[in-house]
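Just below is one structure, and these are the notes that go with it.
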Amino acid sequence: MRPDLPSSCIAGGDTRRAMQGRPGQDDTTRRAASAAAAGRAPAPGRGRTRSVRFVQFTDTHLLVDPDGSLRGAHTLPRLRACLEHAARHWFPTDAIVITGDVVHDEPAAYGTVDLLFGELEVPVLVIPGNHDDPAEMRRQLAHEPFQIGGELRTTNGWQVVLLDSWYAESADGEGRLGPRQLASLDRALAQGAEPHAFVFLHHPPVAMDSPALDRLGLLDGAELRLAVERHPRVRGVCWGHAHQALDLYAPGVRFMCTPATSMQFRPRNAAFEVDDRPPGYRVIDLGDDGSIVSEVVWLEGGANLI
Ligand SMILES: [Fe+2]
């Protein structure tokens with residue numbers, strides 16, 4: 001596990017930094033950022049607890065060609081629309097998390113991630129998905145505000161672990177954590193002093209009730225679920241990869257899948273089929289009492305516009 005972020009990077013609810021407009025940012029995002037800095041209605045639950053906010057984007061599938069499309073989806077404008085929407089409605093945020101398939105097999109597209117997120121003045125936590133090139137991701141994003149994998153601790157009592165399920169021997173997109181990383185996770189969760197823990201990864205650790213997708217899930221998902229069971233401090237596990245939303249409440253822990261910013265797959269479907277749901281992302285507020293206030297945000301109309 002990597003060392004913690006500096007404590008100033010992840011602040012409690014009282015001291016969350018506002019996103020400020022910076023040269024190089026799109027005008028719309030800059031205006032949205034200043035609107036957010038001026039104050040927005042707090043999320044449900046805020047005021048009762050001191051919370052730390054994560055805005056999660058996943059399966060952005062960026063291409064080198066900014067006008068490029070994938071299964072009919074122009075992935076860059078869709079991500080930009082999600083980011084601008086989040087800036088208007090949910091910023092300031094304490095961190096952004098991008099949970100894999102950041103690029104679609106084209107490592108040169110990591111430069112776009114730097115352009116979009118590099119000036120936001122919040123930590124941007126990134127983990128690889130099956131379409132990523134982890135070595136290139138680490139090389140191109142080896143500077144602030146990016147953190148690739150590892151873990152961090154919030155000032156309000158959460159240990160947040162970023163797992164790497166990229167699997168070198170993947171045949172068709174499946175993921176695997178491997179015994180070494182699972183042992184490292186076990187140690188990290190055993191040693192964490194925080195009362196609560198949260199795990200991000202790319203691949204679904206539970207069945208999505210969709211046979212084609214489930215064949216490409218996490219090969220050692222059962223082992224991850226056992227680790228979660230062994231450590232009741234883990235209150236949430238969140239992933240992408242399946243391009244759809246899921247909220248599953250198990251005793252003491254919430255399992256969440258977040259829709260893609262690019263395009264969605266039809267849920268509970270035997271085969272792969274592109275859904276007509278719009279781009280989406282997730283907001284997660286972690287309270288100091290162990291509460292998780294989270295919702296999926298859909299860009300209604302976004303699929304038609306872009
Ligand atoms: Fe994936």
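To be explicit about the labels: the chains of the structure tokens are called A, B, and onward in the order shown, and within each one the residues are counted from 1, while ligands get numbers from 1 in the order they are shown.
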I'd like the contact shell of Asp276 of chain A - 9 Å cut-off, only C-alpha atoms, skipping same-chain residues fewer than 3 positions apart - returned as a ChimeraX atom specification. /A:263-266,303
Can those selected residues be exported to a file as a short mmCIF file (atom, residue, chain, number, x, y, z; two decimals), in the first residue's frame so that it contains C-alpha atoms?
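Generated file (again.cif):
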data_model
loop_
_atom_site.label_atom_id
_atom_site.label_comp_id
_atom_site.auth_asym_id
_atom_site.auth_seq_id
_atom_site.Cartn_x
_atom_site.Cartn_y
_atom_site.Cartn_z
CA MET A 263 -22.33 4.29 -22.43
CA GLN A 264 -24.36 1.75 -20.47
CA PHE A 265 -25.06 -1.97 -20.80
CA ARG A 266 -28.58 -3.23 -20.30
CA ALA A 303 -27.11 10.46 -24.60
#
Need to verify the contact set: Pro179 of chain A, 12 Å, only C-alpha atoms, exclusion of same-chain residues closer than 5 positions in sequence. Can you return it as an mmCIF file with N, CA and C atoms, in the first residue's frame?
data_model
loop_
_atom_site.group_PDB
_atom_site.id
_atom_site.type_symbol
_atom_site.label_atom_id
_atom_site.label_comp_id
_atom_site.auth_asym_id
_atom_site.auth_seq_id
_atom_site.Cartn_x
_atom_site.Cartn_y
_atom_site.Cartn_z
ATOM 1 N N SER A 165 -7.463 -4.356 -9.984
ATOM 2 C CA SER A 165 -7.940 -5.665 -10.457
ATOM 3 C C SER A 165 -7.526 -5.929 -11.903
ATOM 4 N N SER A 184 -2.267 -8.219 1.213
ATOM 5 C CA SER A 184 -1.932 -6.834 1.539
ATOM 6 C C SER A 184 -3.171 -6.084 2.021
ATOM 7 N N LEU A 185 -4.309 -6.361 1.373
ATOM 8 C CA LEU A 185 -5.571 -5.741 1.789
ATOM 9 C C LEU A 185 -5.929 -6.171 3.205
ATOM 10 N N ASP A 186 -5.777 -7.468 3.464
ATOM 11 C CA ASP A 186 -6.079 -7.998 4.799
ATOM 12 C C ASP A 186 -5.232 -7.280 5.862
ATOM 13 N N LEU A 219 -12.345 -12.537 -10.905
ATOM 14 C CA LEU A 219 -12.161 -13.984 -10.754
ATOM 15 C C LEU A 219 -12.066 -14.379 -9.288
ATOM 16 N N ASP A 220 -11.482 -13.507 -8.468
ATOM 17 C CA ASP A 220 -11.402 -13.818 -7.036
ATOM 18 C C ASP A 220 -12.315 -12.906 -6.208
ATOM 19 N N GLY A 221 -13.508 -12.685 -6.762
ATOM 20 C CA GLY A 221 -14.507 -11.882 -6.038
ATOM 21 C C GLY A 221 -14.904 -12.517 -4.710
ATOM 22 N N GLU A 223 -13.071 -14.266 -2.722
ATOM 23 C CA GLU A 223 -12.011 -13.991 -1.743
ATOM 24 C C GLU A 223 -12.111 -12.555 -1.231
ATOM 25 N N LEU A 224 -12.442 -11.617 -2.116
ATOM 26 C CA LEU A 224 -12.598 -10.232 -1.665
ATOM 27 C C LEU A 224 -13.785 -10.108 -0.706
ATOM 28 N N ALA A 227 -12.764 -11.253 2.642
ATOM 29 C CA ALA A 227 -11.941 -10.243 3.330
ATOM 30 C C ALA A 227 -12.831 -9.148 3.920
#
Residues of segment 73-176 of chain A in strand (DSSP E) according to DSSP, as a list in words? Ala73, His74, Ala95, Ile96, Val97, Ile98, Thr99, Val124, Leu125, Val126, Ile127, Phe146, Gln147, Ile148, Gly150, Glu151, Leu152, Arg153, Trp158, Gln159, Val160, Val161 and Leu162 of chain A
Kindly work out which residues sit at most 8 Å from ligand 1, using only C-alpha atoms and all ligand atoms, and give the list as a compact mmCIF listing (two decimals) with C-alpha atoms, in the first residue's frame.
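New file part-v4.txt:
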# COMPACT_ATOMS: atom_id res chain seq x y z
CA ASP A 59 -15.37 3.66 -17.59
CA GLY A 100 -10.82 2.26 -14.41
CA ASP A 101 -11.19 1.82 -18.12
CA GLY A 129 -9.45 -1.29 -15.51
CA ASN A 130 -9.02 -4.02 -18.08
CA HIS A 131 -8.72 -1.55 -20.98
CA GLY A 173 -11.60 -8.36 -19.82
CA GLU A 174 -11.98 -10.27 -16.57
CA HIS A 202 -12.82 -1.70 -11.20
CA HIS A 203 -14.36 -5.17 -11.49
CA GLY A 240 -17.47 0.14 -12.38
CA HIS A 241 -16.83 -2.16 -15.38
CA ALA A 242 -20.47 -3.25 -15.75
Name the residues in contact with Ala183 of chain A at a cut-off of 12 Å, using only C-alpha atoms, excluding same-chain residues fewer than 5 positions from it; report them as a PDB file with N, CA and C atoms, in the first residue's frame.
ATOM      1  N   MET A   1       0.831  -1.193   0.000  1.00  0.00           N
ATOM      2  CA  MET A   1       0.000   0.000   0.000  1.00  0.00           C
ATOM      3  C   MET A   1       0.875   1.256   0.000  1.00  0.00           C
ATOM      4  N   LEU A 163      -8.071  -0.670  -4.951  1.00  0.00           N
ATOM      5  CA  LEU A 163      -7.526  -1.952  -5.398  1.00  0.00           C
ATOM      6  C   LEU A 163      -7.278  -1.947  -6.902  1.00  0.00           C
ATOM      7  N   LEU A 177      -7.509  -9.896  -8.411  1.00  0.00           N
ATOM      8  CA  LEU A 177      -6.691  -9.179  -7.431  1.00  0.00           C
ATOM      9  C   LEU A 177      -5.409  -9.950  -7.132  1.00  0.00           C
ATOM     10  N   GLY A 178      -5.525 -11.263  -7.031  1.00  0.00           N
ATOM     11  CA  GLY A 178      -4.358 -12.094  -6.747  1.00  0.00           C
ATOM     12  C   GLY A 178      -4.101 -12.201  -5.260  1.00  0.00           C
ATOM     13  N   ALA A 188      -3.745  -4.325   5.593  1.00  0.00           N
ATOM     14  CA  ALA A 188      -4.097  -2.906   5.680  1.00  0.00           C
ATOM     15  C   ALA A 188      -5.375  -2.715   6.493  1.00  0.00           C
ATOM     16  N   LEU A 189      -6.347  -3.605   6.271  1.00  0.00           N
ATOM     17  CA  LEU A 189      -7.611  -3.473   7.000  1.00  0.00           C
ATOM     18  C   LEU A 189      -7.435  -3.855   8.469  1.00  0.00           C
ATOM     19  N   ALA A 190      -6.514  -4.795   8.746  1.00  0.00           N
ATOM     20  CA  ALA A 190      -6.270  -5.184  10.139  1.00  0.00           C
ATOM     21  C   ALA A 190      -5.550  -4.064  10.886  1.00  0.00           C
ATOM     22  N   GLU A 223     -13.071 -14.266  -2.722  1.00  0.00           N
ATOM     23  CA  GLU A 223     -12.011 -13.991  -1.743  1.00  0.00           C
ATOM     24  C   GLU A 223     -12.111 -12.555  -1.231  1.00  0.00           C
ATOM     25  N   LEU A 224     -12.442 -11.617  -2.116  1.00  0.00           N
ATOM     26  CA  LEU A 224     -12.598 -10.232  -1.665  1.00  0.00           C
ATOM     27  C   LEU A 224     -13.785 -10.108  -0.706  1.00  0.00           C
ATOM     28  N   LEU A 226     -14.896 -12.381   1.254  1.00  0.00           N
ATOM     29  CA  LEU A 226     -14.493 -12.954   2.542  1.00  0.00           C
ATOM     30  C   LEU A 226     -13.654 -11.963   3.340  1.00  0.00           C
ATOM     31  N   ALA A 227     -12.764 -11.253   2.642  1.00  0.00           N
ATOM     32  CA  ALA A 227     -11.941 -10.243   3.330  1.00  0.00           C
ATOM     33  C   ALA A 227     -12.831  -9.148   3.920  1.00  0.00           C
TER      34      ALA A 227
END
Distance query Val253 of chain A at most 7 Å, only C-alpha atoms, self and fewer than 6 positions along chain excluded, as a PDB file with C-alpha atoms, in the first residue's frame:
ATOM      1  CA  VAL A 234     -15.580  -2.111   5.699  1.00  0.00           C
ATOM      2  CA  ARG A 235     -18.893  -0.370   5.144  1.00  0.00           C
ATOM      3  CA  GLY A 236     -18.815   0.120   1.390  1.00  0.00           C
TER       4      GLY A 236
END
